[in-house]
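K.L.:
First the structure, then my questions, so here it is.
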Amino acid sequence: MRRIRQGDDVVVITGKDKGRRGTVLKVVDAERVVVQNVNMVKKHQKGNPYTGVEGGIIEKEMPLHVSNVMLFNPASGKGDRVGFRTLEDGRKVRYYKSNNEVVDAS
């Protein structure tokens, strides 16, 4: 089970985009995540008429290391550390360490 998953709201805590919030679009591997509209780079892309890909300079999100993002806690309005606990019914869930509130309500 991962601390940060696809669809989570996160806050960037270091780097050029420090303080920016976004949604996790993709978990690349166990250590990297792609966050919406964060860590944008300009990529020079060659066109391919067979697949309909247009050439030029495009902007895209690049992966960030998971240590550079924190899960956003709506109760406190800040990034928060995440822990794991097992509920009485046997489910393993994530919770915010600051207020012990469960992240995964479902």
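Residue names in the structure tokens use chain letters A, B, ... in the order shown, residue numbers from 1 in each chain, and ligand numbers from 1 in the order shown.
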When you look at range 41-53 of chain A with a cut-off of 12 Å (counting only C-alpha atoms), what residues show up, excluding the ones that are within fewer than 4 positions of it in the same chain? I need them as a list in words.
P.N.:
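My list of contacting residues is Lys16, Asp17, Asn37, Ile57, Ile58, Glu59, Lys60, Glu61, Met62 and Pro63 of chain A.
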K.L.:
Excluding same-chain residues fewer than 3 positions from Val93 in chain A, what lies within 8 Å of it counting only C-alpha atoms, as JSON, numbers by chain?
P.N.:
{"A": [84, 85, 86, 87, 102, 103, 104]}
K.L.:
Which of chain A counts as strand (DSSP E or B) under DSSP, as a PyMOL selection string please?
P.N.:
chain A and resi 9-12+21-29+32-35+40-45+48+53+56-61+64-65+69-73+78-80+82-86+92-96+102
K.L.:
Just the selected residues (N, CA and C atoms), exported as a compact mmCIF listing (two decimals), in the first residue's frame, please.
P.N.:
```
# COMPACT_ATOMS: atom_id res chain seq x y z
N ASP A 9 -4.91 14.65 -3.56
CA ASP A 9 -4.49 16.05 -3.57
C ASP A 9 -3.20 16.14 -2.77
N VAL A 10 -2.17 16.74 -3.38
CA VAL A 10 -0.88 16.84 -2.72
C VAL A 10 -0.37 18.27 -2.76
N VAL A 11 0.59 18.57 -1.88
CA VAL A 11 1.27 19.86 -1.82
C VAL A 11 2.75 19.59 -2.04
N VAL A 12 3.39 20.38 -2.91
CA VAL A 12 4.83 20.25 -3.15
C VAL A 12 5.55 20.97 -2.02
N ARG A 21 -0.28 23.26 -5.13
CA ARG A 21 -1.13 22.10 -4.93
C ARG A 21 -1.55 21.52 -6.26
N GLY A 22 -1.79 20.23 -6.28
CA GLY A 22 -2.28 19.57 -7.48
C GLY A 22 -2.75 18.17 -7.18
N THR A 23 -3.33 17.56 -8.20
CA THR A 23 -3.82 16.19 -8.09
C THR A 23 -2.81 15.25 -8.73
N VAL A 24 -2.60 14.10 -8.12
CA VAL A 24 -1.68 13.11 -8.67
C VAL A 24 -2.35 12.47 -9.88
N LEU A 25 -1.72 12.64 -11.05
CA LEU A 25 -2.24 12.07 -12.29
C LEU A 25 -1.81 10.62 -12.47
N LYS A 26 -0.57 10.33 -12.03
CA LYS A 26 -0.04 9.00 -12.27
C LYS A 26 1.07 8.71 -11.27
N VAL A 27 1.13 7.47 -10.80
CA VAL A 27 2.24 7.01 -9.98
C VAL A 27 3.15 6.23 -10.92
N VAL A 28 4.33 6.80 -11.21
CA VAL A 28 5.22 6.22 -12.22
C VAL A 28 5.82 4.91 -11.72
N ASP A 29 6.41 4.93 -10.56
CA ASP A 29 6.88 3.71 -9.90
C ASP A 29 6.74 3.96 -8.41
N ARG A 32 8.12 7.80 -7.71
CA ARG A 32 7.87 9.01 -8.49
C ARG A 32 6.38 9.17 -8.79
N VAL A 33 5.91 10.44 -8.77
CA VAL A 33 4.53 10.75 -9.09
C VAL A 33 4.48 11.93 -10.05
N VAL A 34 3.45 11.96 -10.90
CA VAL A 34 3.21 13.08 -11.80
C VAL A 34 2.03 13.85 -11.23
N VAL A 35 2.24 15.15 -10.97
CA VAL A 35 1.22 16.00 -10.37
C VAL A 35 0.74 16.99 -11.43
N MET A 40 6.34 21.64 -14.66
CA MET A 40 6.13 21.74 -16.10
C MET A 40 7.45 22.01 -16.81
N VAL A 41 7.66 21.33 -17.93
CA VAL A 41 8.85 21.54 -18.76
C VAL A 41 8.42 21.71 -20.21
N LYS A 42 9.30 22.33 -21.00
CA LYS A 42 9.04 22.46 -22.43
C LYS A 42 9.81 21.36 -23.14
N LYS A 43 9.11 20.61 -23.96
CA LYS A 43 9.70 19.48 -24.66
C LYS A 43 9.60 19.73 -26.15
N HIS A 44 10.71 19.58 -26.85
CA HIS A 44 10.72 19.71 -28.30
C HIS A 44 10.33 18.36 -28.88
N GLN A 45 9.20 18.33 -29.56
CA GLN A 45 8.65 17.07 -30.04
C GLN A 45 8.62 17.05 -31.56
N ASN A 48 4.77 13.40 -36.25
CA ASN A 48 4.64 12.11 -36.93
C ASN A 48 3.30 12.12 -37.66
N VAL A 53 0.51 13.01 -34.67
CA VAL A 53 1.18 13.80 -33.64
C VAL A 53 1.76 15.04 -34.30
N GLY A 56 6.50 20.37 -32.58
CA GLY A 56 6.64 21.69 -31.98
C GLY A 56 7.09 21.60 -30.55
N ILE A 57 6.95 22.70 -29.84
CA ILE A 57 7.33 22.74 -28.44
C ILE A 57 6.07 22.56 -27.61
N ILE A 58 6.04 21.51 -26.80
CA ILE A 58 4.88 21.24 -25.96
C ILE A 58 5.29 21.38 -24.49
N GLU A 59 4.31 21.68 -23.64
CA GLU A 59 4.56 21.71 -22.20
C GLU A 59 3.93 20.48 -21.58
N LYS A 60 4.68 19.83 -20.70
CA LYS A 60 4.16 18.62 -20.06
C LYS A 60 4.67 18.53 -18.63
N GLU A 61 3.97 17.74 -17.82
CA GLU A 61 4.38 17.51 -16.45
C GLU A 61 5.44 16.42 -16.41
N LEU A 64 7.85 13.85 -10.09
CA LEU A 64 8.50 14.33 -8.87
C LEU A 64 8.74 13.14 -7.96
N HIS A 65 9.75 13.24 -7.12
CA HIS A 65 9.98 12.19 -6.14
C HIS A 65 8.92 12.31 -5.04
N VAL A 69 6.60 15.66 -1.98
CA VAL A 69 5.18 16.01 -1.90
C VAL A 69 4.60 15.46 -0.60
N MET A 70 3.54 16.15 -0.11
CA MET A 70 2.81 15.70 1.08
C MET A 70 1.33 15.67 0.74
N LEU A 71 0.63 14.74 1.33
CA LEU A 71 -0.81 14.64 1.14
C LEU A 71 -1.48 15.86 1.75
N PHE A 72 -2.43 16.47 1.03
CA PHE A 72 -3.11 17.68 1.51
C PHE A 72 -4.23 17.29 2.46
N ASN A 73 -4.22 17.89 3.65
CA ASN A 73 -5.25 17.64 4.65
C ASN A 73 -6.25 18.79 4.61
N LYS A 78 -3.23 22.25 5.14
CA LYS A 78 -1.79 22.12 4.88
C LYS A 78 -1.46 20.69 4.48
N GLY A 79 -0.22 20.47 4.10
CA GLY A 79 0.26 19.13 3.84
C GLY A 79 0.41 18.38 5.15
N ASP A 80 0.22 17.07 5.11
CA ASP A 80 0.25 16.29 6.34
C ASP A 80 0.94 14.96 6.10
N VAL A 82 1.39 10.89 6.58
CA VAL A 82 0.39 9.83 6.47
C VAL A 82 0.92 8.59 7.15
N GLY A 83 0.03 7.91 7.89
CA GLY A 83 0.37 6.63 8.51
C GLY A 83 -0.64 5.58 8.10
N PHE A 84 -0.42 4.36 8.54
CA PHE A 84 -1.32 3.26 8.23
C PHE A 84 -1.84 2.66 9.52
N ARG A 85 -3.09 2.22 9.49
CA ARG A 85 -3.65 1.50 10.63
C ARG A 85 -4.66 0.50 10.11
N THR A 86 -4.92 -0.51 10.91
CA THR A 86 -5.89 -1.53 10.56
C THR A 86 -7.15 -1.29 11.38
N LYS A 92 -7.03 -2.18 5.96
CA LYS A 92 -5.86 -1.35 6.20
C LYS A 92 -6.12 -0.01 5.53
N VAL A 93 -6.06 1.08 6.28
CA VAL A 93 -6.38 2.41 5.76
C VAL A 93 -5.25 3.39 6.08
N ARG A 94 -5.23 4.49 5.34
CA ARG A 94 -4.29 5.58 5.60
C ARG A 94 -4.97 6.59 6.52
N TYR A 95 -4.18 7.27 7.36
CA TYR A 95 -4.73 8.31 8.22
C TYR A 95 -3.73 9.46 8.32
N TYR A 96 -4.27 10.67 8.58
CA TYR A 96 -3.43 11.84 8.79
C TYR A 96 -2.86 11.78 10.21
N VAL A 102 -9.09 9.44 9.20
CA VAL A 102 -8.85 8.44 8.15
C VAL A 102 -8.97 9.10 6.79
```
K.L.:
So how many Å separate CA of Pro74 in chain A and CA of Asn100 in chain A, to one decimal?
P.N.:
13.1 Å
K.L.:
What is the CA of Ser76 in chain A-CA of Met1 in chain A distance in Å, reported with one decimal?
P.N.:
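Between these atoms lies a distance of 24.1 Å.
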K.L.:
Check the smallest atom-to-atom distance from each of A:Ala75, A:Val38, A:Glu54, A:Glu88 to Thr14 in chain A using only C-alpha atoms, then report the winner.
P.N.:
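Closest to Thr14 in chain A of all the choices is A:Val38.
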